[in-house]
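my_file_36.cif (mmCIF, C-alpha atoms)
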data_data
#
loop_
_atom_site.label_atom_id
_atom_site.label_comp_id
_atom_site.auth_asym_id
_atom_site.auth_seq_id
_atom_site.Cartn_x
_atom_site.Cartn_y
_atom_site.Cartn_z
CA MET V 1431 -26.96 33.48 -11.62
CA PRO V 1432 -28.79 31.68 -14.50
CA ARG V 1433 -26.11 32.88 -16.93
CA GLN V 1434 -23.40 31.20 -14.82
CA VAL V 1435 -25.35 27.92 -14.74
CA ASP V 1436 -25.75 28.04 -18.53
CA TYR V 1437 -22.03 28.71 -18.89
CA GLU V 1438 -21.09 25.66 -16.83
CA GLU V 1439 -23.61 23.49 -18.67
CA ARG V 1440 -22.12 24.64 -21.97
CA ARG V 1441 -18.60 23.85 -20.79
CA LEU V 1442 -19.74 20.35 -19.81
CA ARG V 1443 -21.46 19.89 -23.16
CA ILE V 1444 -18.26 20.90 -24.93
CA ALA V 1445 -16.23 18.51 -22.74
CA GLU V 1446 -18.60 15.68 -23.68
CA ALA V 1447 -18.20 16.63 -27.34
CA VAL V 1448 -14.40 16.50 -27.01
CA CYS V 1449 -14.64 13.04 -25.45
CA ALA V 1450 -17.05 11.81 -28.14
CA LEU V 1451 -14.72 12.98 -30.92
CA ILE V 1452 -11.69 11.37 -29.27
CA ALA V 1453 -13.58 8.10 -28.75
CA ARG V 1454 -14.55 7.98 -32.44
CA SER V 1455 -11.49 9.35 -34.19
CA GLY V 1456 -8.66 10.00 -31.73
CA MET V 1457 -7.09 13.16 -30.34
CA GLU V 1458 -6.27 14.41 -33.85
CA ALA V 1459 -10.00 14.86 -34.53
CA VAL V 1460 -10.34 17.55 -31.87
CA SER V 1461 -10.55 20.81 -33.78
CA LEU V 1462 -12.46 23.90 -32.75
CA ARG V 1463 -14.83 23.52 -35.69
CA ASP V 1464 -15.56 19.83 -35.07
CA VAL V 1465 -16.04 20.30 -31.33
CA ALA V 1466 -18.50 23.14 -31.97
CA ALA V 1467 -20.44 20.97 -34.43
CA GLU V 1468 -20.44 17.97 -32.06
CA ALA V 1469 -21.63 20.12 -29.14
CA ASP V 1470 -24.18 21.91 -31.36
CA VAL V 1471 -22.85 25.35 -30.42
CA SER V 1472 -21.12 28.08 -32.38
CA MET V 1473 -17.35 28.32 -32.65
CA GLY V 1474 -17.63 31.63 -30.85
CA ALA V 1475 -19.36 29.90 -27.94
CA VAL V 1476 -16.48 27.43 -27.65
CA GLN V 1477 -13.97 30.28 -27.72
CA ARG V 1478 -15.87 32.14 -25.02
CA CYS V 1479 -15.75 29.06 -22.79
CA PHE V 1480 -12.10 28.16 -23.42
CA ARG V 1481 -9.28 30.54 -24.22
CA THR V 1482 -7.14 27.89 -25.93
CA LYS V 1483 -7.47 24.34 -27.24
CA GLU V 1484 -5.29 23.16 -24.37
CA ASP V 1485 -7.70 24.78 -21.88
CA MET V 1486 -10.53 22.88 -23.55
CA LEU V 1487 -8.64 19.58 -23.44
CA LEU V 1488 -7.65 20.20 -19.83
CA PHE V 1489 -11.26 20.72 -18.80
CA ALA V 1490 -12.34 17.60 -20.71
CA LEU V 1491 -9.64 15.54 -18.97
CA GLU V 1492 -10.67 16.89 -15.57
CA HIS V 1493 -14.26 15.96 -16.44
CA ILE V 1494 -13.44 12.37 -17.43
CA SER V 1495 -11.03 12.00 -14.47
CA GLN V 1496 -13.85 12.94 -12.14
CA ARG V 1497 -16.14 10.41 -13.82
CA VAL V 1498 -13.57 7.61 -13.44
CA SER V 1499 -13.11 8.44 -9.75
CA GLU V 1500 -16.85 8.67 -9.21
CA ARG V 1501 -17.39 5.25 -10.81
CA ALA V 1502 -15.07 3.66 -8.29
CA GLY V 1503 -16.60 5.55 -5.38
CA GLN V 1504 -20.14 4.69 -6.45
CA ARG V 1505 -19.23 1.01 -6.64
CA ILE V 1506 -18.27 1.11 -2.95
CA ALA V 1507 -21.15 3.37 -1.88
CA ALA V 1508 -23.72 1.19 -3.65
CA THR V 1509 -22.91 -1.73 -1.39
CA SER V 1510 -25.95 -2.03 0.85
CA THR V 1511 -24.58 -4.90 2.93
CA PRO V 1512 -21.04 -5.41 4.21
CA GLN V 1513 -18.87 -7.14 1.62
CA ALA V 1514 -15.51 -8.82 1.82
CA ALA V 1515 -12.66 -6.40 1.22
CA ALA V 1516 -11.40 -8.61 -1.61
CA THR V 1517 -14.77 -8.37 -3.36
CA LEU V 1518 -14.82 -4.58 -3.04
CA LEU V 1519 -11.22 -4.41 -4.26
CA SER V 1520 -11.95 -6.62 -7.28
CA HIS V 1521 -15.04 -4.64 -8.27
CA THR V 1522 -13.31 -1.31 -7.80
CA LEU V 1523 -10.30 -2.32 -9.90
CA ALA V 1524 -12.62 -3.57 -12.64
CA GLU V 1525 -14.31 -0.16 -12.66
CA LEU V 1526 -10.96 1.62 -12.85
CA ALA V 1527 -9.78 -0.65 -15.68
CA LEU V 1528 -12.91 0.28 -17.70
CA LEU V 1529 -13.30 -3.33 -18.81
CA ASP V 1530 -17.03 -3.61 -19.47
CA GLU V 1531 -18.48 -2.95 -22.92
CA GLY V 1532 -20.24 0.20 -21.74
CA SER V 1533 -16.88 1.71 -20.78
CA ARG V 1534 -15.15 1.07 -24.11
CA ALA V 1535 -15.50 4.66 -25.37
CA GLN V 1536 -14.33 6.06 -22.04
CA ALA V 1537 -11.30 3.74 -22.14
CA HIS V 1538 -10.39 5.07 -25.61
CA VAL V 1539 -10.61 8.64 -24.35
CA TRP V 1540 -8.63 7.94 -21.18
CA LEU V 1541 -5.76 6.30 -23.09
CA ALA V 1542 -5.73 9.10 -25.65
CA PHE V 1543 -5.17 11.61 -22.86
CA VAL V 1544 -2.51 9.40 -21.24
CA SER V 1545 -0.59 9.15 -24.52
CA HIS V 1546 -0.93 12.91 -25.09
CA ALA V 1547 0.21 13.87 -21.58
CA PRO V 1548 3.99 13.84 -22.27
CA ALA V 1549 3.43 16.75 -24.69
CA SER V 1550 1.52 18.83 -22.12
CA GLU V 1551 2.66 19.50 -18.57
CA ARG V 1552 -0.84 20.65 -17.62
CA LEU V 1553 -2.50 17.44 -18.83
CA ALA V 1554 0.22 15.39 -17.13
CA ALA V 1555 -0.45 17.26 -13.86
CA VAL V 1556 -4.15 16.38 -13.97
CA LEU V 1557 -3.35 12.73 -14.64
CA HIS V 1558 -0.82 12.73 -11.81
CA GLU V 1559 -3.42 14.09 -9.41
CA THR V 1560 -6.06 11.61 -10.61
CA TYR V 1561 -3.75 8.62 -10.25
CA GLY V 1562 -2.85 9.87 -6.78
CA LYS V 1563 -6.50 9.86 -5.73
CA LEU V 1564 -7.07 6.40 -7.21
CA HIS V 1565 -3.96 5.11 -5.45
CA ASP V 1566 -5.26 6.46 -2.14
CA LEU V 1567 -8.59 4.70 -2.73
CA VAL V 1568 -6.93 1.34 -3.42
CA VAL V 1569 -4.65 1.79 -0.38
CA TRP V 1570 -7.77 2.38 1.75
CA LEU V 1571 -9.38 -0.81 0.42
CA ILE V 1572 -6.26 -2.87 1.11
CA ARG V 1573 -5.99 -1.50 4.65
CA TYR V 1574 -9.69 -2.21 5.12
CA GLY V 1575 -8.90 -5.82 4.17
CA GLN V 1576 -5.98 -5.87 6.61
CA ASP V 1577 -8.19 -4.54 9.41
CA ALA V 1578 -10.74 -7.24 8.55
CA LYS V 1579 -7.99 -9.90 8.70
CA GLU V 1580 -8.54 -10.82 5.03
CA ILE V 1581 -5.24 -9.42 3.80
CA PRO V 1582 -1.97 -10.15 5.64
CA PRO V 1583 -0.90 -7.18 7.80
CA HIS V 1584 2.76 -7.37 6.72
CA LEU V 1585 1.96 -6.30 3.14
CA ASP V 1586 2.80 -2.72 2.21
CA ALA V 1587 -0.59 -1.30 1.17
CA SER V 1588 0.96 1.54 -0.85
CA GLN V 1589 3.26 -0.73 -2.86
CA GLU V 1590 0.46 -3.22 -3.52
CA ALA V 1591 -1.81 -0.39 -4.65
CA HIS V 1592 0.82 0.80 -7.14
CA THR V 1593 1.03 -2.73 -8.56
CA LEU V 1594 -2.72 -3.21 -8.81
CA LEU V 1595 -3.27 0.14 -10.53
CA ALA V 1596 -0.48 -0.61 -13.01
CA VAL V 1597 -2.07 -4.00 -13.78
CA ALA V 1598 -5.50 -2.39 -14.20
CA ASP V 1599 -4.07 0.26 -16.54
CA GLY V 1600 -2.23 -2.35 -18.58
CA LEU V 1601 -5.34 -4.45 -18.93
CA THR V 1602 -7.24 -1.44 -20.27
CA VAL V 1603 -4.71 -1.28 -23.10
CA HIS V 1604 -4.76 -5.04 -23.68
CA VAL V 1605 -8.55 -5.16 -23.96
CA LEU V 1606 -8.64 -2.26 -26.43
CA ALA V 1607 -5.86 -3.90 -28.46
CA GLY V 1608 -7.75 -7.20 -28.53
CA HIS V 1609 -5.09 -9.12 -26.59
CA HIS V 1610 -7.57 -9.78 -23.78
CA SER V 1611 -11.32 -10.00 -23.64
CA PRO V 1612 -13.03 -8.18 -20.76
CA GLU V 1613 -13.60 -11.62 -19.20
CA THR V 1614 -9.97 -12.77 -19.35
CA ALA V 1615 -8.79 -9.34 -18.18
CA SER V 1616 -11.15 -9.56 -15.19
CA ALA V 1617 -9.72 -13.00 -14.41
CA VAL V 1618 -6.18 -11.56 -14.42
CA LEU V 1619 -7.26 -8.81 -12.03
CA GLN V 1620 -8.91 -11.36 -9.78
CA ARG V 1621 -5.75 -13.47 -9.65
CA HIS V 1622 -3.76 -10.44 -8.48
CA VAL V 1623 -6.32 -9.69 -5.79
CA ASP V 1624 -6.33 -13.34 -4.73
CA CYS V 1625 -2.54 -13.18 -4.30
CA LEU V 1626 -3.05 -10.55 -1.58
CA LEU V 1627 -5.13 -12.97 0.44
CA ARG V 1628 -2.46 -15.66 0.78
#
Translate this structure into structure tokens?
Amino acid sequence: MPRQVDYEERRLRIAEAVCALIARSGMEAVSLRDVAAEADVSMGAVQRCFRTKEDMLLFALEHISQRVSERAGQRIAATSTPQAAATLLSHTLAELALLDEGSRAQAHVWLAFVSHAPASERLAAVLHETYGKLHDLVVWLIRYGQDAKEIPPHLDASQEAHTLLAVADGLTVHVLAGHHSPETASAVLQRHVDCLLR
């Protein structure tokens, strides 16, 4: 049993190393040698954990996808008192857009995987599943707002969720490119949420 725990911990350490390299230097920096050095393990240890480079990247993407989903879920779970649905929706979208300074590295990594996905069906499948889960979460928040009479009942929650996620994704790119600051991007998100309340 201890050996299995060590194996999983090593795989997580390697995934973190992959993400750190991508955040600093892009997807091109992910070589077996550099990942091993970043994770402070031998190249043999990396090869024992992952059969191919794609397997390693796939695990790293699954790891960061889980972290993005958990951030959104934790934002909702951390609410100790009932909040307006619009407030929960705004905060959740801000988490998903990775707008704050502490999320900058994660945003770089996420976009690197998104841009690399067309070249890998397996990476694209993980992203598809992740976006599906995030869409379901936003749909739930919108329907929560409709049940609370904050959001008009005639709105299609699924269509609105697609729009809001696309806006959040686009703002991630705009902040990294310097077109928006985190503050102006947050204001754009808030305007879209406010439009649901009319």
All residues 12 Å or closer to His1546 (chain V), only C-alpha atoms, same chain fewer than 2 positions away omitted, as an mmCIF file with C-alpha atoms, in the coordinates of the input:
data_model
loop_
_atom_site.group_PDB
_atom_site.id
_atom_site.type_symbol
_atom_site.label_atom_id
_atom_site.label_comp_id
_atom_site.auth_asym_id
_atom_site.auth_seq_id
_atom_site.Cartn_x
_atom_site.Cartn_y
_atom_site.Cartn_z
ATOM 1 C CA ILE V 1452 -11.690 11.370 -29.270
ATOM 2 C CA GLY V 1456 -8.660 10.000 -31.730
ATOM 3 C CA MET V 1457 -7.090 13.160 -30.340
ATOM 4 C CA GLU V 1458 -6.270 14.410 -33.850
ATOM 5 C CA GLU V 1484 -5.290 23.160 -24.370
ATOM 6 C CA LEU V 1487 -8.640 19.580 -23.440
ATOM 7 C CA LEU V 1488 -7.650 20.200 -19.830
ATOM 8 C CA LEU V 1491 -9.640 15.540 -18.970
ATOM 9 C CA VAL V 1539 -10.610 8.640 -24.350
ATOM 10 C CA TRP V 1540 -8.630 7.940 -21.180
ATOM 11 C CA LEU V 1541 -5.760 6.300 -23.090
ATOM 12 C CA ALA V 1542 -5.730 9.100 -25.650
ATOM 13 C CA PHE V 1543 -5.170 11.610 -22.860
ATOM 14 C CA VAL V 1544 -2.510 9.400 -21.240
ATOM 15 C CA PRO V 1548 3.990 13.840 -22.270
ATOM 16 C CA ALA V 1549 3.430 16.750 -24.690
ATOM 17 C CA SER V 1550 1.520 18.830 -22.120
ATOM 18 C CA GLU V 1551 2.660 19.500 -18.570
ATOM 19 C CA ARG V 1552 -0.840 20.650 -17.620
ATOM 20 C CA LEU V 1553 -2.500 17.440 -18.830
ATOM 21 C CA ALA V 1554 0.220 15.390 -17.130
ATOM 22 C CA LEU V 1557 -3.350 12.730 -14.640
#
Evaluate the PyMOL selection byres ((chain V and resi 1493-1500) around 8) against this structure - the residues, as a PyMOL selection string, please. chain V and resi 1442+1445+1489-1492+1501-1504+1525-1526+1536+1540+1557+1560+1563-1564
Distance criterion (all atoms listed in the file): nearest to Ser1545 (chain V) out of V:Ala1466, V:Arg1454, V:Val1603, V:Asp1436: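 Using all atoms listed in the file, Ser1545 (chain V) sits closest to V:Val1603.
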Could you tell me, as a PyMOL selection string, which residues have any atom at most 6 Å from (-9.6, 0.0, -6.1), counting only C-alpha atoms? chain V and resi 1519+1522-1523+1567-1568
Mind checking which residues fall within 9 Å of Leu1451 (chain V), counting all atoms listed in the file, ignoring those fewer than 2 positions away in the same chain, and posting them as a PyMOL selection string? chain V and resi 1446-1449+1453-1457+1459-1460+1464-1465+1468+1539
Please indicate the distance in Å from CA of Ile1581 (chain V) to CA of Leu1619 (chain V), rounded to one decimal place. 16.0 Å
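For the set V:Thr1593, V:Gln1513, V:Thr1602, V:Gln1620, the residue with the smallest atom-to-atom gap to Ala1527 (chain V) is V:Thr1602, counting all atoms listed in the file.
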Return as a tab-separated table (two decimals) with C-alpha atoms, in the frame of the given file the set of residues that the PyMOL selection byres ((chain V and resi 1600) around 12) yields on the displayed structure.
chain	number	residue	atom	x	y	z
V	1523	LEU	CA	-10.30	-2.32	-9.90
V	1526	LEU	CA	-10.96	1.62	-12.85
V	1527	ALA	CA	-9.78	-0.65	-15.68
V	1528	LEU	CA	-12.91	0.28	-17.70
V	1529	LEU	CA	-13.30	-3.33	-18.81
V	1537	ALA	CA	-11.30	3.74	-22.14
V	1541	LEU	CA	-5.76	6.30	-23.09
V	1593	THR	CA	1.03	-2.73	-8.56
V	1594	LEU	CA	-2.72	-3.21	-8.81
V	1595	LEU	CA	-3.27	0.14	-10.53
V	1596	ALA	CA	-0.48	-0.61	-13.01
V	1597	VAL	CA	-2.07	-4.00	-13.78
V	1598	ALA	CA	-5.50	-2.39	-14.20
V	1599	ASP	CA	-4.07	0.26	-16.54
V	1601	LEU	CA	-5.34	-4.45	-18.93
V	1602	THR	CA	-7.24	-1.44	-20.27
V	1603	VAL	CA	-4.71	-1.28	-23.10
V	1604	HIS	CA	-4.76	-5.04	-23.68
V	1605	VAL	CA	-8.55	-5.16	-23.96
V	1606	LEU	CA	-8.64	-2.26	-26.43
V	1607	ALA	CA	-5.86	-3.90	-28.46
V	1609	HIS	CA	-5.09	-9.12	-26.59
V	1610	HIS	CA	-7.57	-9.78	-23.78
V	1615	ALA	CA	-8.79	-9.34	-18.18
V	1616	SER	CA	-11.15	-9.56	-15.19
V	1618	VAL	CA	-6.18	-11.56	-14.42
V	1619	LEU	CA	-7.26	-8.81	-12.03
Calculated over all atoms listed in the file, which of the candidates V:Leu1462, V:Ala1547, V:Val1623, V:Ala1469 has the smallest distance to Arg1481 (chain V)?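 Of the candidates, the smallest distance to Arg1481 (chain V) is held by V:Leu1462.
Residue nearest Pro1612 (chain V), chosen from V:Leu1585, V:Val1556, V:Ala1524, V:Ile1444 and counting all atoms listed in the file: V:Ala1524.
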One number please: CA of Ala1450 (chain V) to CA of Gly1474 (chain V), in Å, one decimal.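 Straight-line distance from CA of Ala1450 (chain V) to CA of Gly1474 (chain V) works out to 20.0 Å.
Of the residues under consideration (V:Gln1576, V:Thr1517, V:Ser1611, V:Gln1589), V:Thr1517 shows the shortest atom-to-atom contact distance to Asp1624 (chain V) when counting all atoms listed in the file.
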Gly1562 (chain V) proximity check over V:His1592, V:His1538, V:His1584, V:Arg1478, using all atoms listed in the file: winner is V:His1592
Mind pulling up the distance from CA of Leu1571 (chain V) to CA of Arg1534 (chain V)?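 Computing the Euclidean distance for CA of Arg1534 (chain V) and CA of Leu1571 (chain V) yields 25.3 Å.
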